[in-house]
>>> print(open('my_file.json').read())   # JSON, C-alpha atoms
[["chain", "number", "residue", "atom", "x", "y", "z"],
["A", 84, "GLY", "CA", -2.46, -4.20, -7.40],
["A", 85, "GLY", "CA", -1.10, -7.21, -5.64],
["A", 86, "VAL", "CA", -2.29, -10.80, -5.26],
["A", 87, "LEU", "CA", -2.41, -12.63, -1.92],
["A", 88, "LEU", "CA", -0.82, -16.06, -2.49],
["A", 89, "GLU", "CA", -0.58, -17.47, 1.03],
["A", 90, "MET", "CA", -1.77, -16.61, 4.54],
["A", 91, "THR", "CA", -0.73, -18.67, 7.57],
["A", 92, "GLU", "CA", -1.31, -17.98, 11.25],
["A", 93, "ASP", "CA", 1.19, -18.84, 14.00],
["A", 94, "VAL", "CA", -0.97, -19.19, 17.12],
["A", 95, "ASN", "CA", 2.05, -19.58, 19.45],
["A", 96, "GLN", "CA", 3.59, -16.27, 18.41],
["A", 97, "GLY", "CA", 0.30, -14.47, 17.72],
["A", 98, "SER", "CA", 1.37, -13.52, 14.22],
["A", 99, "VAL", "CA", 0.15, -13.92, 10.64],
["A", 100, "ARG", "CA", 2.43, -14.50, 7.63],
["A", 101, "MET", "CA", 1.11, -13.24, 4.31],
["A", 102, "VAL", "CA", 2.79, -13.77, 0.93],
["A", 103, "PHE", "CA", 1.88, -11.43, -1.94],
["A", 104, "GLU", "CA", 2.92, -10.85, -5.53],
["A", 105, "ILE", "CA", 3.03, -7.07, -5.90],
["A", 106, "PRO", "CA", 4.59, -4.78, -8.53],
["A", 107, "SER", "CA", 7.76, -3.13, -7.17],
["A", 108, "ARG", "CA", 6.21, 0.32, -7.56],
["A", 109, "GLY", "CA", 3.44, -0.82, -5.20],
["A", 110, "LEU", "CA", 6.02, -1.29, -2.44],
["A", 111, "LEU", "CA", 7.45, 2.23, -2.67],
["A", 112, "GLY", "CA", 6.75, 3.88, 0.67],
["A", 113, "PHE", "CA", 4.95, 0.80, 2.01],
["A", 114, "GLY", "CA", 7.52, -0.19, 4.66],
["A", 115, "PRO", "CA", 7.18, 2.97, 6.80],
["A", 116, "GLU", "CA", 3.39, 2.99, 6.30],
["A", 117, "ALA", "CA", 3.10, -0.65, 7.45],
["A", 118, "ALA", "CA", 5.30, 0.08, 10.48],
["A", 119, "THR", "CA", 3.11, 3.06, 11.41],
["A", 120, "LEU", "CA", -0.17, 1.17, 10.99],
["A", 121, "THR", "CA", 1.03, -1.80, 13.06],
["A", 122, "ARG", "CA", 2.94, 0.31, 15.61],
["A", 123, "GLY", "CA", 6.23, -1.25, 14.56],
["A", 124, "SER", "CA", 5.20, -4.91, 14.79],
["A", 125, "ALA", "CA", 5.08, -5.59, 11.02],
["A", 126, "VAL", "CA", 8.11, -7.01, 9.24],
["A", 127, "VAL", "CA", 8.25, -6.46, 5.47],
["A", 128, "ASN", "CA", 10.58, -8.53, 3.30],
["A", 129, "HIS", "CA", 10.66, -8.49, -0.49],
["A", 130, "VAL", "CA", 12.40, -10.42, -3.25],
["A", 131, "PHE", "CA", 12.38, -9.66, -6.98],
["A", 132, "LEU", "CA", 10.43, -12.35, -8.85],
["A", 133, "GLU", "CA", 10.44, -11.38, -12.55],
["A", 134, "MET", "CA", 9.86, -8.62, -15.09],
["A", 135, "ARG", "CA", 6.21, -8.31, -16.17],
["A", 136, "GLU", "CA", 3.99, -6.09, -18.29],
["A", 137, "HIS", "CA", 2.59, -2.95, -16.67],
["A", 138, "ALA", "CA", -0.33, -4.06, -14.48],
["A", 139, "GLY", "CA", -2.27, -0.78, -14.65],
["A", 140, "ASN", "CA", -2.82, 1.91, -12.05],
["A", 141, "LEU", "CA", -2.55, 1.03, -8.38],
["A", 142, "LEU", "CA", -5.55, 1.69, -6.14],
["A", 143, "GLY", "CA", -5.23, 3.95, -3.12],
["A", 144, "VAL", "CA", -2.19, 5.80, -4.44],
["A", 145, "ALA", "CA", -1.62, 9.25, -2.92],
["A", 146, "GLY", "CA", -2.07, 10.82, -6.35],
["A", 147, "ASP", "CA", -5.82, 10.83, -5.60],
["A", 148, "LYS", "CA", -5.30, 13.50, -2.94],
["A", 149, "GLY", "CA", -4.95, 17.22, -3.52],
["A", 150, "LYS", "CA", -1.93, 19.24, -2.50],
["A", 151, "LEU", "CA", -1.50, 22.57, -0.71],
["A", 152, "VAL", "CA", 0.83, 24.55, -3.00],
["A", 153, "SER", "CA", 2.60, 27.71, -1.89],
["A", 154, "ASN", "CA", 2.00, 30.88, -3.92],
["A", 155, "ALA", "CA", 4.54, 33.03, -2.04],
["A", 156, "SER", "CA", 8.19, 32.90, -0.99],
["A", 157, "GLY", "CA", 9.71, 33.57, 2.42],
["A", 158, "LYS", "CA", 9.54, 31.97, 5.86],
["A", 159, "ALA", "CA", 6.34, 30.14, 6.80],
["A", 160, "THR", "CA", 4.51, 31.87, 9.67],
["A", 161, "LEU", "CA", 2.60, 30.34, 12.56],
["A", 162, "PHE", "CA", -0.39, 32.58, 11.77],
["A", 163, "ALA", "CA", -0.67, 31.35, 8.15],
["A", 164, "LEU", "CA", 0.00, 27.69, 8.99],
["A", 165, "THR", "CA", -2.73, 27.70, 11.66],
["A", 166, "SER", "CA", -5.40, 28.48, 9.07],
["A", 167, "MET", "CA", -3.82, 26.10, 6.53],
["A", 168, "ALA", "CA", -3.89, 23.22, 9.05],
["A", 169, "GLU", "CA", -7.70, 23.31, 8.84],
["A", 170, "ARG", "CA", -7.47, 22.56, 5.11],
["A", 171, "GLY", "CA", -5.18, 19.53, 5.39],
["A", 172, "GLN", "CA", -1.97, 18.03, 6.73],
["A", 173, "LEU", "CA", 1.15, 20.23, 6.64],
["A", 174, "PHE", "CA", 4.64, 19.32, 5.41],
["A", 175, "VAL", "CA", 6.30, 22.52, 6.71],
["A", 176, "SER", "CA", 6.78, 24.07, 10.15],
["A", 177, "PRO", "CA", 6.83, 27.74, 11.19],
["A", 178, "GLY", "CA", 10.13, 29.31, 10.06],
["A", 179, "ASP", "CA", 10.73, 26.90, 7.15],
["A", 180, "GLU", "CA", 11.68, 28.56, 3.84],
["A", 181, "VAL", "CA", 9.02, 28.17, 1.14],
["A", 182, "TYR", "CA", 8.72, 29.34, -2.47],
["A", 183, "PRO", "CA", 5.99, 29.48, -5.14],
["A", 184, "GLY", "CA", 5.18, 26.01, -6.51],
["A", 185, "MET", "CA", 6.45, 24.17, -3.42],
["A", 186, "VAL", "CA", 4.06, 21.56, -2.02],
["A", 187, "VAL", "CA", 3.56, 22.57, 1.63],
["A", 188, "GLY", "CA", 0.83, 20.11, 2.58],
["A", 189, "GLU", "CA", -1.80, 17.56, 1.61],
["A", 190, "ALA", "CA", -5.30, 18.94, 1.03],
["A", 191, "SER", "CA", -8.27, 17.22, 2.63],
["A", 192, "ARG", "CA", -10.06, 17.37, -0.76],
["A", 193, "ALA", "CA", -9.07, 16.30, -4.26],
["A", 194, "GLY", "CA", -7.40, 18.94, -6.42],
["A", 195, "ASP", "CA", -4.53, 21.31, -5.71],
["A", 196, "MET", "CA", -5.13, 24.42, -3.61],
["A", 197, "GLU", "CA", -2.98, 27.56, -3.76],
["A", 198, "VAL", "CA", -2.13, 28.84, -0.24],
["A", 199, "ASN", "CA", -0.02, 31.61, 1.26],
["A", 200, "PRO", "CA", 2.12, 30.11, 4.06],
["A", 201, "VAL", "CA", 4.03, 33.38, 4.68],
["A", 202, "LYS", "CA", 1.02, 35.60, 5.47],
["A", 203, "ALA", "CA", 1.66, 37.61, 8.63],
["A", 204, "LYS", "CA", -0.90, 38.55, 11.26],
["A", 205, "ALA", "CA", -2.33, 42.03, 10.73],
["A", 206, "SER", "CA", -1.03, 44.20, 13.54],
["A", 207, "SER", "CA", -3.18, 46.74, 15.35],
["A", 208, "ASN", "CA", -3.00, 48.79, 18.53],
["A", 209, "MET", "CA", -6.13, 47.20, 19.97],
["A", 210, "ARG", "CA", -5.76, 44.17, 22.21],
["A", 211, "THR", "CA", -8.70, 41.86, 22.71],
["A", 212, "GLN", "CA", -8.82, 38.48, 24.34],
["A", 213, "ALA", "CA", -10.39, 36.89, 21.24],
["A", 214, "LYS", "CA", -7.67, 38.25, 18.95],
["A", 215, "ASP", "CA", -4.74, 37.20, 21.13],
["A", 216, "GLU", "CA", -5.73, 33.54, 21.42],
["A", 217, "LYS", "CA", -2.93, 31.00, 21.32],
["A", 218, "LEU", "CA", -2.13, 29.59, 17.91],
["A", 219, "TYR", "CA", -1.38, 25.89, 17.46],
["A", 220, "VAL", "CA", -0.09, 23.94, 14.47],
["A", 221, "PRO", "CA", 0.15, 20.13, 14.51],
["A", 222, "PRO", "CA", 3.66, 18.78, 13.83],
["A", 223, "ALA", "CA", 4.67, 18.78, 10.16],
["A", 224, "ARG", "CA", 4.72, 15.47, 8.33],
["A", 225, "LYS", "CA", 8.29, 14.78, 7.21],
["A", 226, "MET", "CA", 8.80, 12.18, 4.48],
["A", 227, "THR", "CA", 11.83, 10.32, 3.18],
["A", 228, "VAL", "CA", 12.78, 10.26, -0.51],
["A", 229, "GLU", "CA", 11.23, 6.77, -0.84],
["A", 230, "GLU", "CA", 7.94, 7.95, 0.69],
["A", 231, "LEU", "CA", 7.92, 11.04, -1.56],
["A", 232, "ILE", "CA", 8.49, 8.90, -4.69],
["A", 233, "ALA", "CA", 5.43, 6.85, -3.76],
["A", 234, "TYR", "CA", 3.44, 10.00, -2.86],
["A", 235, "MET", "CA", 4.23, 12.33, -5.76],
["A", 236, "ASN", "CA", 2.07, 12.92, -8.85],
["A", 237, "GLU", "CA", 3.38, 12.98, -12.43],
["A", 238, "ASP", "CA", 3.39, 16.81, -12.41],
["A", 239, "GLU", "CA", 5.70, 16.99, -9.38],
["A", 240, "LYS", "CA", 9.42, 16.72, -8.67],
["A", 241, "ILE", "CA", 11.44, 15.92, -5.58],
["A", 242, "GLU", "CA", 14.11, 18.44, -4.64],
["A", 243, "VAL", "CA", 16.97, 16.97, -2.59],
["A", 244, "THR", "CA", 19.58, 19.27, -1.05],
["A", 245, "PRO", "CA", 22.09, 18.65, 1.75],
["A", 246, "VAL", "CA", 19.72, 20.54, 4.08],
["A", 247, "SER", "CA", 16.24, 19.38, 3.05],
["A", 248, "ILE", "CA", 14.03, 17.11, 0.97],
["A", 249, "ARG", "CA", 11.07, 18.91, -0.62],
["A", 250, "LEU", "CA", 8.26, 18.16, -3.02],
["A", 251, "ARG", "CA", 7.44, 20.77, -5.65],
["A", 252, "LYS", "CA", 5.41, 21.16, -8.81],
["A", 253, "ALA", "CA", 7.38, 20.61, -12.02],
["A", 254, "GLU", "CA", 6.05, 23.96, -13.25],
["A", 255, "LEU", "CA", 6.47, 26.57, -10.51],
["A", 256, "ASP", "CA", 4.30, 29.26, -12.17],
["A", 257, "SER", "CA", 0.65, 28.80, -11.12],
["A", 258, "GLY", "CA", -0.70, 30.44, -14.29],
["A", 259, "ILE", "CA", 1.15, 28.01, -16.54],
["A", 260, "ARG", "CA", 0.11, 25.08, -14.29],
["A", 261, "SER", "CA", -3.58, 25.99, -14.61],
["A", 262, "ARG", "CA", -3.29, 26.36, -18.42],
["A", 263, "LEU", "CA", -1.61, 22.94, -18.65],
["A", 264, "ALA", "CA", -4.36, 21.39, -16.48],
["A", 265, "ARG", "CA", -7.09, 22.90, -18.69],
["A", 266, "GLY", "CA", -5.32, 21.58, -21.80],
["A", 267, "LYS", "CA", -5.04, 18.11, -20.26],
["A", 268, "LYS", "CA", -8.76, 18.10, -19.36],
["A", 269, "SER", "CA", -9.77, 19.12, -22.89],
["A", 270, "LYS", "CA", -7.60, 16.33, -24.38],
["A", 271, "ILE", "CA", -9.25, 13.76, -22.07],
["A", 272, "LYS", "CA", -12.71, 15.08, -22.97],
["A", 273, "ALA", "CA", -11.91, 14.90, -26.70],
["A", 274, "ALA", "CA", -10.62, 11.34, -26.34],
["A", 275, "ARG", "CA", -13.82, 10.28, -24.51],
["A", 276, "GLU", "CA", -16.02, 11.87, -27.18],
["A", 277, "LYS", "CA", -14.00, 10.10, -29.89],
["A", 278, "LYS", "CA", -14.56, 6.73, -28.15],
["A", 279, "GLY", "CA", -18.30, 7.27, -27.55]]
>>> encode(input="my_file.json", output="structure tokens")
Amino acid sequence: GGVLLEMTEDVNQGSVRMVFEIPSRGLLGFGPEAATLTRGSAVVNHVFLEMREHAGNLLGVAGDKGKLVSNASGKATLFALTSMAERGQLFVSPGDEVYPGMVVGEASRAGDMEVNPVKAKASSNMRTQAKDEKLYVPPARKMTVEELIAYMNEDEKIEVTPVSIRLRKAELDSGIRSRLARGKKSKIKAAREKKG
């Protein structure tokens, strides 16, 4: 993490100036987040100080959060996204093209969750008031490349095209992803047993 070196308050302007020493990777995606949290009143400046040894993992990094990963390809539907919105924050809107392995949202719990964003509503001849309720999806969270670099996990890649910026799993096949995750867990368990 970072170290607070100086904090001074300017009573006339109603502002506080804080000086930190923070690893550069800790600043990735921080500017837009600070602007959002302070409603645009924060000003972030940074200057390179020196090269240092790796300071360890940063706390509060988005890697702690799970992702909603698409398991189907096609256009995302309003019906599917409505149910997905209950599980977390969405990165896609109705009509957006999705494919298997694409990260389509942030899960409210830790761990990745496979979802089907292209599922269509089952059609029937019967009309009931309960069935025909209006569907609503909150606006999709759109991130810049800088924000995605700060947000992504080590098993993910950023896909940049002239039309879109997307986050996806490095391995698109869910079966292979789950086998790799199991292998990684067993290696960690073996290393812990070796230590203890």
>>> residues_around(input="my_file.json", residues="Met235 (chain A)", least_positions_apart="2", cutoff="12 Å", atoms="only C-alpha atoms", output="ChimeraX atom specification")
/A:111-112,144-150,186,188-189,226-233,237-242,249-253
>>> residues_near_point(input="my_file.json", point="(5.2, 25.7, -7.8)", cutoff="6 Å", atoms="all atoms listed in the file", output="PyMOL selection string")
chain A and resi 183-185+251-252+254-256
>>> closest_residue(input="my_file.json", among="A:Phe103, A:Phe174, A:Tyr182, A:Tyr234", to="Lys158 (chain A)", atoms="only C-alpha atoms")
A:Tyr182
>>> atom_distance(input="my_file.json", atom1="CA of Glu180 (chain A)", atom2="CA of Ser156 (chain A)")
7.4 Å
>>> closest_residue(input="my_file.json", among="A:Arg122, A:His129, A:His137, A:Lys204", to="Leu164 (chain A)", atoms="all atoms listed in the file")
A:Lys204
>>> atom_distance(input="my_file.json", atom1="CA of Val175 (chain A)", atom2="CA of Asn236 (chain A)")
18.8 Å
>>> decode(input="my_file.json", residues="region 131-242 of chain A", atoms="C-alpha atoms", output="short mmCIF file (atom, residue, chain, number, x, y, z; two decimals), in the first residue's frame")
data_model
loop_
_atom_site.label_atom_id
_atom_site.label_comp_id
_atom_site.auth_asym_id
_atom_site.auth_seq_id
_atom_site.Cartn_x
_atom_site.Cartn_y
_atom_site.Cartn_z
CA PHE A 131 7.67 9.27 -10.27
CA LEU A 132 9.98 9.09 -7.24
CA GLU A 133 12.20 6.01 -7.69
CA MET A 134 12.35 2.31 -8.52
CA ARG A 135 11.78 0.07 -5.48
CA GLU A 136 11.37 -3.59 -4.62
CA HIS A 137 7.90 -5.11 -4.95
CA ALA A 138 5.93 -3.99 -1.88
CA GLY A 139 3.55 -6.97 -1.79
CA ASN A 140 -0.13 -7.21 -2.64
CA LEU A 141 -2.29 -4.12 -2.47
CA LEU A 142 -5.34 -4.16 -0.19
CA GLY A 143 -8.79 -3.54 -1.60
CA VAL A 144 -7.87 -4.52 -5.15
CA ALA A 145 -10.80 -5.57 -7.34
CA GLY A 146 -9.27 -9.04 -7.70
CA ASP A 147 -11.06 -9.91 -4.44
CA LYS A 148 -14.43 -9.71 -6.22
CA GLY A 149 -16.01 -12.42 -8.33
CA LYS A 150 -16.94 -11.98 -11.96
CA LEU A 151 -20.05 -12.83 -13.99
CA VAL A 152 -18.70 -14.79 -16.96
CA SER A 153 -20.77 -15.49 -20.07
CA ASN A 154 -21.27 -19.13 -21.08
CA ALA A 155 -23.08 -18.38 -24.36
CA SER A 156 -22.60 -16.27 -27.49
CA GLY A 157 -25.04 -13.91 -29.16
CA LYS A 158 -26.76 -10.65 -28.26
CA ALA A 159 -27.47 -10.00 -24.57
CA THR A 160 -31.21 -9.91 -23.85
CA LEU A 161 -33.14 -7.68 -21.46
CA PHE A 162 -34.81 -10.77 -19.93
CA ALA A 163 -31.48 -12.45 -19.06
CA LEU A 164 -29.78 -9.24 -17.86
CA THR A 165 -32.69 -8.48 -15.50
CA SER A 166 -32.07 -11.68 -13.54
CA MET A 167 -28.28 -11.21 -13.74
CA ALA A 168 -28.54 -7.68 -12.29
CA GLU A 169 -29.69 -9.27 -9.00
CA ARG A 170 -26.37 -11.15 -8.81
CA GLY A 171 -24.10 -8.15 -9.32
CA GLN A 172 -23.19 -5.11 -11.40
CA LEU A 173 -23.37 -5.48 -15.20
CA PHE A 174 -20.79 -4.42 -17.79
CA VAL A 175 -23.05 -5.06 -20.81
CA SER A 176 -26.36 -3.64 -22.01
CA PRO A 177 -29.23 -5.35 -23.86
CA GLY A 178 -28.20 -5.91 -27.50
CA ASP A 179 -24.44 -6.04 -26.82
CA GLU A 180 -22.59 -8.96 -28.44
CA VAL A 181 -21.21 -11.46 -25.91
CA TYR A 182 -19.27 -14.72 -26.20
CA PRO A 183 -18.24 -17.57 -23.87
CA GLY A 184 -15.49 -16.49 -21.45
CA MET A 185 -16.33 -12.78 -21.68
CA VAL A 186 -16.67 -11.00 -18.32
CA VAL A 187 -20.16 -9.44 -18.41
CA GLY A 188 -20.35 -8.19 -14.83
CA GLU A 189 -19.03 -8.12 -11.29
CA ALA A 190 -20.53 -10.68 -8.91
CA SER A 191 -21.71 -9.57 -5.48
CA ARG A 192 -19.84 -12.56 -3.98
CA ALA A 193 -16.27 -13.81 -4.29
CA GLY A 194 -15.62 -16.36 -7.03
CA ASP A 195 -16.57 -16.41 -10.69
CA MET A 196 -20.12 -17.28 -11.71
CA GLU A 197 -21.11 -18.66 -15.12
CA VAL A 198 -24.20 -16.87 -16.51
CA ASN A 199 -26.23 -16.93 -19.72
CA PRO A 200 -26.77 -13.32 -20.87
CA VAL A 201 -28.49 -14.36 -24.14
CA LYS A 202 -31.34 -16.40 -22.61
CA ALA A 203 -34.66 -15.40 -24.16
CA LYS A 204 -38.01 -15.22 -22.41
CA ALA A 205 -40.07 -18.37 -22.86
CA SER A 206 -43.00 -17.47 -25.08
CA SER A 207 -46.52 -18.73 -24.46
CA ASN A 208 -50.03 -17.91 -25.64
CA MET A 209 -51.22 -17.05 -22.14
CA ARG A 210 -51.05 -13.45 -21.00
CA THR A 211 -51.06 -12.66 -17.31
CA GLN A 212 -50.39 -9.42 -15.56
CA ALA A 213 -47.66 -10.98 -13.39
CA LYS A 214 -45.83 -12.41 -16.42
CA ASP A 215 -45.90 -9.20 -18.47
CA GLU A 216 -44.35 -6.97 -15.81
CA LYS A 217 -41.90 -4.34 -17.01
CA LEU A 218 -38.27 -5.38 -16.99
CA TYR A 219 -35.57 -2.97 -15.83
CA VAL A 220 -31.78 -3.20 -15.98
CA PRO A 221 -29.55 -0.58 -14.33
CA PRO A 222 -27.12 1.13 -16.72
CA ALA A 223 -24.03 -0.92 -17.58
CA ARG A 224 -20.74 0.07 -15.99
CA LYS A 225 -18.34 1.08 -18.76
CA MET A 226 -14.62 1.17 -17.92
CA THR A 227 -11.59 2.64 -19.64
CA VAL A 228 -8.47 0.59 -20.41
CA GLU A 229 -6.74 2.10 -17.35
CA GLU A 230 -9.63 1.14 -15.07
CA LEU A 231 -9.72 -2.38 -16.55
CA ILE A 232 -5.96 -2.84 -15.98
CA ALA A 233 -6.49 -1.99 -12.31
CA TYR A 234 -9.62 -4.18 -12.12
CA MET A 235 -8.52 -7.35 -13.93
CA ASN A 236 -7.24 -10.56 -12.31
CA GLU A 237 -4.16 -12.49 -13.46
CA ASP A 238 -6.36 -14.99 -15.35
CA GLU A 239 -7.99 -12.27 -17.47
CA LYS A 240 -7.14 -10.27 -20.59
CA ILE A 241 -8.35 -6.96 -21.98
CA GLU A 242 -9.63 -7.03 -25.55
#
